[in-house]
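Pasting upload-v3.pdb here (PDB, C-alpha atoms, pLDDT in the B column):
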```pdb
ATOM      1  CA  MET A   1     -33.607   1.260 -34.988  1.00 45.00           C
ATOM      2  CA  PRO A   2     -35.716  -1.676 -33.756  1.00 46.00           C
ATOM      3  CA  GLU A   3     -39.180  -1.016 -32.387  1.00 50.00           C
ATOM      4  CA  PRO A   4     -39.137   0.392 -28.844  1.00 51.00           C
ATOM      5  CA  SER A   5     -40.293  -1.726 -25.910  1.00 53.00           C
ATOM      6  CA  ALA A   6     -43.917  -1.405 -24.790  1.00 71.00           C
ATOM      7  CA  THR A   7     -42.883   0.360 -21.561  1.00 92.00           C
ATOM      8  CA  PRO A   8     -40.251   3.089 -21.191  1.00 96.00           C
ATOM      9  CA  LEU A   9     -36.943   2.102 -19.622  1.00 97.00           C
ATOM     10  CA  ARG A  10     -36.801   3.271 -15.983  1.00 97.00           C
ATOM     11  CA  LEU A  11     -33.609   5.311 -15.602  1.00 98.00           C
ATOM     12  CA  VAL A  12     -31.770   7.088 -12.769  1.00 98.00           C
ATOM     13  CA  LEU A  13     -29.187   9.772 -13.590  1.00 98.00           C
ATOM     14  CA  VAL A  14     -26.143  10.385 -11.364  1.00 97.00           C
ATOM     15  CA  ASP A  15     -23.670  13.243 -11.912  1.00 96.00           C
ATOM     16  CA  ASP A  16     -22.214  15.814  -9.530  1.00 94.00           C
ATOM     17  CA  HIS A  17     -22.794  18.608 -12.080  1.00 93.00           C
ATOM     18  CA  GLU A  18     -26.406  19.770 -12.185  1.00 93.00           C
ATOM     19  CA  MET A  19     -25.810  21.270 -15.626  1.00 94.00           C
ATOM     20  CA  VAL A  20     -24.996  17.791 -16.938  1.00 94.00           C
ATOM     21  CA  LEU A  21     -28.146  16.390 -15.335  1.00 96.00           C
ATOM     22  CA  HIS A  22     -30.264  19.146 -16.897  1.00 96.00           C
ATOM     23  CA  GLY A  23     -28.661  18.449 -20.269  1.00 95.00           C
ATOM     24  CA  LEU A  24     -29.380  14.724 -20.032  1.00 96.00           C
ATOM     25  CA  VAL A  25     -32.981  15.373 -19.004  1.00 96.00           C
ATOM     26  CA  ALA A  26     -33.440  17.694 -21.980  1.00 96.00           C
ATOM     27  CA  MET A  27     -31.759  15.245 -24.368  1.00 96.00           C
ATOM     28  CA  LEU A  28     -33.733  12.227 -23.206  1.00 96.00           C
ATOM     29  CA  GLY A  29     -36.923  14.255 -23.069  1.00 95.00           C
ATOM     30  CA  HIS A  30     -37.147  13.777 -26.835  1.00 95.00           C
ATOM     31  CA  PHE A  31     -37.704  10.039 -26.270  1.00 96.00           C
ATOM     32  CA  PRO A  32     -40.530   9.836 -23.685  1.00 94.00           C
ATOM     33  CA  GLU A  33     -41.888   6.581 -25.065  1.00 95.00           C
ATOM     34  CA  GLN A  34     -38.510   4.885 -24.659  1.00 96.00           C
ATOM     35  CA  VAL A  35     -36.980   6.349 -21.480  1.00 97.00           C
ATOM     36  CA  ALA A  36     -38.560   7.458 -18.191  1.00 97.00           C
ATOM     37  CA  ILE A  37     -36.227   9.285 -15.788  1.00 97.00           C
ATOM     38  CA  VAL A  38     -37.353   8.194 -12.309  1.00 97.00           C
ATOM     39  CA  GLY A  39     -34.639   9.924 -10.297  1.00 97.00           C
ATOM     40  CA  GLN A  40     -31.609  12.200 -10.312  1.00 97.00           C
ATOM     41  CA  ALA A  41     -28.724  12.404  -7.834  1.00 97.00           C
ATOM     42  CA  THR A  42     -25.553  14.440  -7.392  1.00 96.00           C
ATOM     43  CA  THR A  43     -23.981  12.171  -4.727  1.00 95.00           C
ATOM     44  CA  ALA A  44     -23.449   8.437  -4.342  1.00 94.00           C
ATOM     45  CA  SER A  45     -25.475   8.252  -1.129  1.00 95.00           C
ATOM     46  CA  ALA A  46     -28.436  10.011  -2.733  1.00 97.00           C
ATOM     47  CA  ALA A  47     -28.169   7.677  -5.719  1.00 97.00           C
ATOM     48  CA  LEU A  48     -28.316   4.597  -3.477  1.00 97.00           C
ATOM     49  CA  THR A  49     -31.409   5.960  -1.740  1.00 97.00           C
ATOM     50  CA  ILE A  50     -33.162   6.544  -5.064  1.00 97.00           C
ATOM     51  CA  VAL A  51     -32.193   3.102  -6.377  1.00 97.00           C
ATOM     52  CA  ALA A  52     -33.568   1.481  -3.201  1.00 97.00           C
ATOM     53  CA  GLU A  53     -36.860   3.355  -3.582  1.00 96.00           C
ATOM     54  CA  GLU A  54     -37.353   3.242  -7.346  1.00 96.00           C
ATOM     55  CA  ARG A  55     -35.566   0.027  -8.379  1.00 97.00           C
ATOM     56  CA  PRO A  56     -34.723   1.392 -11.853  1.00 97.00           C
ATOM     57  CA  GLU A  57     -33.682  -0.838 -14.713  1.00 97.00           C
ATOM     58  CA  VAL A  58     -30.578   1.228 -15.437  1.00 98.00           C
ATOM     59  CA  VAL A  59     -28.440   3.777 -13.577  1.00 98.00           C
ATOM     60  CA  LEU A  60     -26.410   6.163 -15.732  1.00 98.00           C
ATOM     61  CA  CYS A  61     -23.519   7.677 -13.761  1.00 96.00           C
ATOM     62  CA  ASP A  62     -20.095   9.263 -14.160  1.00 93.00           C
ATOM     63  CA  VAL A  63     -16.789   7.614 -13.249  1.00 90.00           C
ATOM     64  CA  ARG A  64     -16.202  10.449 -10.770  1.00 87.00           C
ATOM     65  CA  ILE A  65     -18.985  11.943  -8.628  1.00 91.00           C
ATOM     66  CA  GLY A  66     -17.297  14.882  -6.967  1.00 85.00           C
ATOM     67  CA  LYS A  67     -14.737  13.328  -4.630  1.00 83.00           C
ATOM     68  CA  GLU A  68     -16.555   9.988  -4.749  1.00 86.00           C
ATOM     69  CA  SER A  69     -15.994   7.098  -7.132  1.00 87.00           C
ATOM     70  CA  GLY A  70     -18.670   6.138  -9.632  1.00 91.00           C
ATOM     71  CA  LEU A  71     -16.899   2.782  -9.881  1.00 89.00           C
ATOM     72  CA  ASP A  72     -17.476   2.151  -6.172  1.00 90.00           C
ATOM     73  CA  LEU A  73     -21.117   3.169  -6.606  1.00 94.00           C
ATOM     74  CA  CYS A  74     -21.419   0.761  -9.528  1.00 94.00           C
ATOM     75  CA  ARG A  75     -20.079  -2.082  -7.385  1.00 92.00           C
ATOM     76  CA  GLN A  76     -22.535  -1.264  -4.589  1.00 94.00           C
ATOM     77  CA  ILE A  77     -25.535  -1.094  -6.895  1.00 97.00           C
ATOM     78  CA  THR A  78     -24.775  -4.260  -8.836  1.00 95.00           C
ATOM     79  CA  THR A  79     -24.102  -6.134  -5.583  1.00 94.00           C
ATOM     80  CA  GLN A  80     -27.114  -4.883  -3.613  1.00 96.00           C
ATOM     81  CA  TYR A  81     -29.586  -4.594  -6.499  1.00 96.00           C
ATOM     82  CA  PRO A  82     -28.687  -7.224  -9.124  1.00 93.00           C
ATOM     83  CA  GLY A  83     -31.819  -6.345 -11.105  1.00 93.00           C
ATOM     84  CA  THR A  84     -30.421  -2.862 -11.796  1.00 97.00           C
ATOM     85  CA  LYS A  85     -27.760  -2.358 -14.462  1.00 97.00           C
ATOM     86  CA  VAL A  86     -25.178   0.428 -14.382  1.00 97.00           C
ATOM     87  CA  VAL A  87     -23.777   2.310 -17.362  1.00 97.00           C
ATOM     88  CA  LEU A  88     -20.839   4.721 -16.956  1.00 96.00           C
ATOM     89  CA  LEU A  89     -21.217   7.980 -18.913  1.00 94.00           C
ATOM     90  CA  THR A  90     -17.962   9.906 -18.714  1.00 91.00           C
ATOM     91  CA  VAL A  91     -15.368  12.141 -20.345  1.00 88.00           C
ATOM     92  CA  TYR A  92     -12.574   9.689 -19.455  1.00 83.00           C
ATOM     93  CA  ASP A  93     -11.472   8.313 -22.824  1.00 81.00           C
ATOM     94  CA  ASP A  94      -9.275   5.723 -21.133  1.00 73.00           C
ATOM     95  CA  GLU A  95      -9.494   1.975 -21.630  1.00 70.00           C
ATOM     96  CA  HIS A  96      -8.105   1.361 -18.143  1.00 70.00           C
ATOM     97  CA  TYR A  97     -11.146   3.026 -16.587  1.00 78.00           C
ATOM     98  CA  LEU A  98     -13.223   0.852 -18.904  1.00 81.00           C
ATOM     99  CA  TYR A  99     -11.519  -2.320 -17.691  1.00 76.00           C
ATOM    100  CA  GLN A 100     -12.097  -1.287 -14.093  1.00 79.00           C
ATOM    101  CA  ALA A 101     -15.752  -0.497 -14.823  1.00 86.00           C
ATOM    102  CA  LEU A 102     -16.301  -3.953 -16.271  1.00 83.00           C
ATOM    103  CA  ARG A 103     -14.552  -5.516 -13.277  1.00 82.00           C
ATOM    104  CA  VAL A 104     -17.058  -3.895 -10.879  1.00 86.00           C
ATOM    105  CA  GLY A 105     -20.073  -5.030 -12.885  1.00 91.00           C
ATOM    106  CA  ALA A 106     -20.858  -2.166 -15.264  1.00 93.00           C
ATOM    107  CA  SER A 107     -23.029  -3.024 -18.271  1.00 94.00           C
ATOM    108  CA  GLY A 108     -21.683  -0.178 -20.369  1.00 93.00           C
ATOM    109  CA  TYR A 109     -19.041   2.531 -20.765  1.00 93.00           C
ATOM    110  CA  ILE A 110     -20.023   5.512 -22.922  1.00 93.00           C
ATOM    111  CA  LEU A 111     -18.339   8.855 -23.581  1.00 92.00           C
ATOM    112  CA  LYS A 112     -20.282  12.075 -22.951  1.00 90.00           C
ATOM    113  CA  ARG A 113     -19.967  13.266 -26.533  1.00 89.00           C
ATOM    114  CA  ILE A 114     -22.710  10.804 -27.522  1.00 91.00           C
ATOM    115  CA  ASP A 115     -25.974  12.136 -28.968  1.00 93.00           C
ATOM    116  CA  GLY A 116     -29.464  11.400 -27.669  1.00 93.00           C
ATOM    117  CA  GLN A 117     -30.490   8.779 -30.194  1.00 94.00           C
ATOM    118  CA  GLU A 118     -27.250   6.832 -29.735  1.00 94.00           C
ATOM    119  CA  LEU A 119     -27.608   6.996 -25.960  1.00 96.00           C
ATOM    120  CA  VAL A 120     -31.163   5.680 -26.042  1.00 96.00           C
ATOM    121  CA  GLY A 121     -30.056   2.882 -28.358  1.00 95.00           C
ATOM    122  CA  HIS A 122     -27.269   1.892 -25.973  1.00 95.00           C
ATOM    123  CA  LEU A 123     -29.614   1.968 -22.977  1.00 96.00           C
ATOM    124  CA  ARG A 124     -32.105  -0.274 -24.743  1.00 94.00           C
ATOM    125  CA  ARG A 125     -29.367  -2.754 -25.619  1.00 94.00           C
ATOM    126  CA  VAL A 126     -28.296  -2.815 -21.974  1.00 95.00           C
ATOM    127  CA  ARG A 127     -31.918  -3.410 -20.964  1.00 94.00           C
ATOM    128  CA  GLU A 128     -31.918  -6.420 -23.283  1.00 93.00           C
ATOM    129  CA  GLY A 129     -28.831  -7.866 -21.600  1.00 92.00           C
ATOM    130  CA  GLU A 130     -25.978  -6.577 -23.748  1.00 93.00           C
ATOM    131  CA  THR A 131     -22.798  -4.862 -22.586  1.00 91.00           C
ATOM    132  CA  VAL A 132     -22.132  -1.678 -24.547  1.00 92.00           C
ATOM    133  CA  ILE A 133     -18.795   0.041 -25.142  1.00 89.00           C
ATOM    134  CA  ASP A 134     -18.381   3.406 -26.838  1.00 87.00           C
ATOM    135  CA  HIS A 135     -17.283   2.835 -30.428  1.00 82.00           C
ATOM    136  CA  ALA A 136     -14.379   5.253 -29.911  1.00 78.00           C
ATOM    137  CA  LEU A 137     -12.891   2.841 -27.389  1.00 78.00           C
ATOM    138  CA  ALA A 138     -13.819  -0.490 -28.953  1.00 71.00           C
ATOM    139  CA  GLY A 139     -10.867  -0.706 -31.358  1.00 66.00           C
ATOM    140  CA  ARG A 140      -8.352   0.328 -28.714  1.00 63.00           C
ATOM    141  CA  VAL A 141      -9.775  -2.245 -26.310  1.00 64.00           C
ATOM    142  CA  ALA A 142      -9.302  -4.996 -28.872  1.00 60.00           C
ATOM    143  CA  LEU A 143      -5.697  -3.891 -29.460  1.00 59.00           C
ATOM    144  CA  SER A 144      -5.047  -3.663 -25.715  1.00 60.00           C
ATOM    145  CA  ALA A 145      -6.440  -7.154 -25.170  1.00 57.00           C
ATOM    146  CA  ALA A 146      -4.181  -8.525 -27.878  1.00 56.00           C
ATOM    147  CA  ARG A 147      -1.125  -6.811 -26.406  1.00 57.00           C
ATOM    148  CA  LEU A 148      -2.014  -7.978 -22.906  1.00 55.00           C
ATOM    149  CA  SER A 149      -2.377 -11.602 -24.020  1.00 55.00           C
ATOM    150  CA  ALA A 150       0.996 -11.329 -25.726  1.00 54.00           C
ATOM    151  CA  GLY A 151       2.592 -10.048 -22.512  1.00 55.00           C
ATOM    152  CA  GLU A 152       3.358  -6.653 -24.017  1.00 54.00           C
ATOM    153  CA  PHE A 153       1.631  -4.604 -21.319  1.00 69.00           C
ATOM    154  CA  TRP A 154       2.976  -3.288 -18.022  1.00 79.00           C
ATOM    155  CA  PRO A 155       2.497  -5.212 -14.749  1.00 83.00           C
ATOM    156  CA  GLY A 156      -0.966  -4.605 -13.296  1.00 84.00           C
ATOM    157  CA  ALA A 157      -2.601  -3.550 -16.557  1.00 79.00           C
ATOM    158  CA  HIS A 158      -5.094  -6.406 -16.200  1.00 76.00           C
ATOM    159  CA  LEU A 159      -6.085  -4.931 -12.812  1.00 83.00           C
ATOM    160  CA  GLY A 160      -6.818  -1.556 -14.388  1.00 83.00           C
ATOM    161  CA  LEU A 161      -3.571   0.160 -13.385  1.00 86.00           C
ATOM    162  CA  THR A 162      -2.170   2.802 -15.695  1.00 85.00           C
ATOM    163  CA  GLN A 163       1.483   2.529 -16.648  1.00 83.00           C
ATOM    164  CA  ARG A 164       2.390   5.300 -14.203  1.00 88.00           C
ATOM    165  CA  GLU A 165       0.436   3.651 -11.371  1.00 91.00           C
ATOM    166  CA  SER A 166       2.296   0.428 -12.122  1.00 90.00           C
ATOM    167  CA  GLU A 167       5.630   2.264 -11.881  1.00 90.00           C
ATOM    168  CA  VAL A 168       4.610   3.802  -8.547  1.00 93.00           C
ATOM    169  CA  LEU A 169       3.504   0.426  -7.173  1.00 93.00           C
ATOM    170  CA  GLU A 170       6.794  -1.190  -8.192  1.00 92.00           C
ATOM    171  CA  LEU A 171       8.689   1.477  -6.261  1.00 93.00           C
ATOM    172  CA  LEU A 172       6.448   0.982  -3.224  1.00 93.00           C
ATOM    173  CA  VAL A 173       7.161  -2.748  -3.348  1.00 91.00           C
ATOM    174  CA  SER A 174      10.872  -1.885  -3.460  1.00 90.00           C
ATOM    175  CA  GLY A 175      10.473   0.033  -0.194  1.00 92.00           C
ATOM    176  CA  HIS A 176      10.593   3.627  -1.435  1.00 94.00           C
ATOM    177  CA  SER A 177       8.841   6.393   0.503  1.00 94.00           C
ATOM    178  CA  ASN A 178       6.541   8.863  -1.258  1.00 94.00           C
ATOM    179  CA  LYS A 179       9.484  11.263  -1.415  1.00 93.00           C
ATOM    180  CA  GLY A 180      11.667   8.533  -2.882  1.00 92.00           C
ATOM    181  CA  VAL A 181       9.060   7.656  -5.504  1.00 93.00           C
ATOM    182  CA  ALA A 182       8.732  11.336  -6.438  1.00 91.00           C
ATOM    183  CA  SER A 183      12.501  11.608  -6.842  1.00 89.00           C
ATOM    184  CA  LYS A 184      12.721   8.473  -8.976  1.00 87.00           C
ATOM    185  CA  LEU A 185       9.893   9.529 -11.291  1.00 87.00           C
ATOM    186  CA  VAL A 186      10.781  13.244 -11.244  1.00 85.00           C
ATOM    187  CA  VAL A 187       7.308  14.327 -10.150  1.00 85.00           C
ATOM    188  CA  SER A 188       5.910  16.084  -7.074  1.00 89.00           C
ATOM    189  CA  GLU A 189       4.922  14.243  -3.903  1.00 91.00           C
ATOM    190  CA  ASP A 190       1.344  15.436  -4.435  1.00 92.00           C
ATOM    191  CA  THR A 191       1.344  13.735  -7.831  1.00 91.00           C
ATOM    192  CA  VAL A 192       2.651  10.549  -6.232  1.00 93.00           C
ATOM    193  CA  LYS A 193      -0.110  10.699  -3.610  1.00 94.00           C
ATOM    194  CA  THR A 194      -2.691  11.029  -6.399  1.00 93.00           C
ATOM    195  CA  HIS A 195      -1.316   7.951  -8.161  1.00 93.00           C
ATOM    196  CA  ILE A 196      -1.255   6.020  -4.890  1.00 95.00           C
ATOM    197  CA  ARG A 197      -4.900   6.868  -4.175  1.00 94.00           C
ATOM    198  CA  GLY A 198      -5.782   5.672  -7.668  1.00 92.00           C
ATOM    199  CA  LEU A 199      -3.983   2.365  -7.365  1.00 92.00           C
ATOM    200  CA  TYR A 200      -5.415   1.776  -3.865  1.00 94.00           C
ATOM    201  CA  ARG A 201      -8.914   2.194  -5.281  1.00 92.00           C
ATOM    202  CA  LYS A 202      -8.264  -0.054  -8.253  1.00 91.00           C
ATOM    203  CA  LEU A 203      -6.666  -2.767  -6.127  1.00 92.00           C
ATOM    204  CA  GLY A 204      -9.412  -2.547  -3.506  1.00 92.00           C
ATOM    205  CA  VAL A 205      -7.033  -1.764  -0.636  1.00 92.00           C
ATOM    206  CA  SER A 206      -6.741   1.066   1.876  1.00 92.00           C
ATOM    207  CA  ASP A 207      -3.035   1.269   2.623  1.00 93.00           C
ATOM    208  CA  ARG A 208       0.485   0.661   1.359  1.00 92.00           C
ATOM    209  CA  SER A 209       0.859  -2.788   2.913  1.00 92.00           C
ATOM    210  CA  GLY A 210      -2.379  -3.907   1.247  1.00 91.00           C
ATOM    211  CA  ALA A 211      -1.174  -2.699  -2.143  1.00 93.00           C
ATOM    212  CA  ILE A 212       2.168  -4.455  -1.715  1.00 92.00           C
ATOM    213  CA  ALA A 213       0.382  -7.645  -0.673  1.00 91.00           C
ATOM    214  CA  VAL A 214      -1.729  -7.605  -3.842  1.00 90.00           C
ATOM    215  CA  ALA A 215       1.350  -6.962  -5.985  1.00 89.00           C
ATOM    216  CA  LEU A 216       3.162  -9.901  -4.405  1.00 89.00           C
ATOM    217  CA  ARG A 217       0.133 -12.194  -4.586  1.00 86.00           C
ATOM    218  CA  GLU A 218      -0.384 -11.388  -8.267  1.00 83.00           C
ATOM    219  CA  GLY A 219       3.321 -11.771  -9.011  1.00 84.00           C
ATOM    220  CA  LEU A 220       3.400  -8.388 -10.731  1.00 85.00           C
ATOM    221  CA  PHE A 221       7.085  -7.683 -10.228  1.00 81.00           C
ATOM    222  CA  ARG A 222       9.681 -10.421 -10.547  1.00 67.00           C
TER     223      ARG A 222
END
```
Write-out of the structure in structure tokens:
Amino acid sequence: MPEPSATPLRLVLVDDHEMVLHGLVAMLGHFPEQVAIVGQATTASAALTIVAEERPEVVLCDVRIGKESGLDLCRQITTQYPGTKVVLLTVYDDEHYLYQALRVGASGYILKRIDGQELVGHLRRVREGETVIDHALAGRVALSAARLSAGEFWPGAHLGLTQRESEVLELLVSGHSNKGVASKLVVSEDTVKTHIRGLYRKLGVSDRSGAIAVALREGLFR
């Protein structure tokens, strides 16, 4: 590894599981000359307060923070505090979450199975201006990009929608109710509601008409 910077990287940790926070503190505690943890939070609001007070160089947070979205938190931080970078540390081994993370300004997307030395290396690269992607996802991302450019992906993939979310959105555009969507896809209405919440978040809308408007504007379904 290259020589560490003269001053430790100022880092804030965000995860709704205290056990995860304790584990990260213990892991990064082996690298005191390279990383200084200046705050920890278990909610998005607490994280924003700490970022405002400490102005860290990097925030390391999960994609989901309880019922809150780490992606929304990332957008808020990168918008309000452009000097602070955000890296997503998550169990979601899904390139669509990665695409969405990059769309909201994340500087990295790393899976939680990473070890301490690798994590510190990624954080230092982010500090130096790089965007880091977990090696387990890198090859799949390249393949996905190639398929997308060749038109082989489902409508809305470039917006971060999963294939199932795309199918749900198409049925909404066609005028189906939640019950109708559930019948068409042979799933429960609760499952449909979960998919709808996901696509609302990814499209940046709050209701069905907003989602349909985005689909029509983007020309997703012809």
Expansion of the PyMOL selection byres ((chain A and resi 15) around 6) into residues, as number ranges by chain: A: 14, 16-17, 42, 61-62, 65
Output of the PyMOL selection byres ((chain A and resi 71) around 10), listed as number ranges by chain: A: 61-65, 68-70, 72-77, 86, 88, 97-98, 100-106, 201-202
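Among the candidate residues A:Leu199, A:Ala215, A:Leu123, A:Val25, the one lying nearest to Lys85 of chain A is A:Leu123, with distances computed using all atoms listed in the file.
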Selection dump of the PyMOL selection byres ((chain A and resi 185) around 12), as a list in words: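 What the PyMOL selection byres ((chain A and resi 185) around 12) grabs from the file is Arg164, Glu165, Ser166, Glu167, Val168, Leu169, Glu170, Leu171, His176, Asn178, Lys179, Gly180, Val181, Ala182, Ser183, Lys184, Val186, Val187, Ser188, Glu189, Thr191, Val192 and His195 of chain A.
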Kindly list the centre and edge lengths in Å, rounded to one decimal, for the axis-aligned box that covers all listed atoms of segment 104-112 of chain A plus 4 Å on each of its six sides, as lines of an AutoDock Vina configuration file.
```
center_x = -20.0
center_y = 3.5
center_z = -17.2
size_x = 14.0
size_y = 25.1
size_z = 20.7
```
Near-Glu54 of chain A list (10 Å; only C-alpha atoms; drop same-chain fewer than 6 positions) as a PyMOL selection string: chain A and resi 10-12+38-39+48
Output of the above residues as a PDB file, in the coordinates of the input, restricted to C-alpha atoms:
```pdb
ATOM      1  CA  ARG A  10     -36.801   3.271 -15.983  1.00 97.00           C
ATOM      2  CA  LEU A  11     -33.609   5.311 -15.602  1.00 98.00           C
ATOM      3  CA  VAL A  12     -31.770   7.088 -12.769  1.00 98.00           C
ATOM      4  CA  VAL A  38     -37.353   8.194 -12.309  1.00 97.00           C
ATOM      5  CA  GLY A  39     -34.639   9.924 -10.297  1.00 97.00           C
ATOM      6  CA  LEU A  48     -28.316   4.597  -3.477  1.00 97.00           C
TER       7      LEU A  48
END
```
Computed interatomic separation between atom CA of Leu119 of chain A and atom CA of Ala6 of chain A (Å):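 A separation of 18.4 Å between them.
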Shortest interatomic distance to His30 of chain A - which of A:Gln117, A:Val214, A:His122, A:Leu172, counting all atoms listed in the file: A:Gln117
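Here atom CA of Gly23 of chain A stands at a distance of 16.1 Å from atom CA of Val59 of chain A.
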Selected residue, from A:Val120, A:Ala213, A:Leu60, A:Val87, that lies nearest to Ala47 of chain A when counting only C-alpha atoms: A:Leu60
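Take atom CA of Arg197 of chain A and atom CA of Val132 of chain A: the distance between them is 28.0 Å.
Nearest-residue note for Arg125 of chain A: choosing from A:Val91, A:Ser107, A:Ser174, A:Ser206, the minimum distance belongs to A:Ser107, counting all atoms listed in the file.
Closest to Ala157 of chain A among A:Arg113, A:Arg55, A:His96, A:Lys67 is A:His96, based on only C-alpha atoms.
Of the residues listed (A:Gly66, A:Leu111, A:Pro82, A:Lys193), A:Pro82 shows the shortest atom-to-atom separation from Ala52 of chain A; distances use all atoms listed in the file.
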Residues within 9 Å of Leu24 of chain A, all atoms listed in the file, excluding chain neighbours under 4 positions, as a ChimeraX atom specification: /A:13,19-20,28-29,116
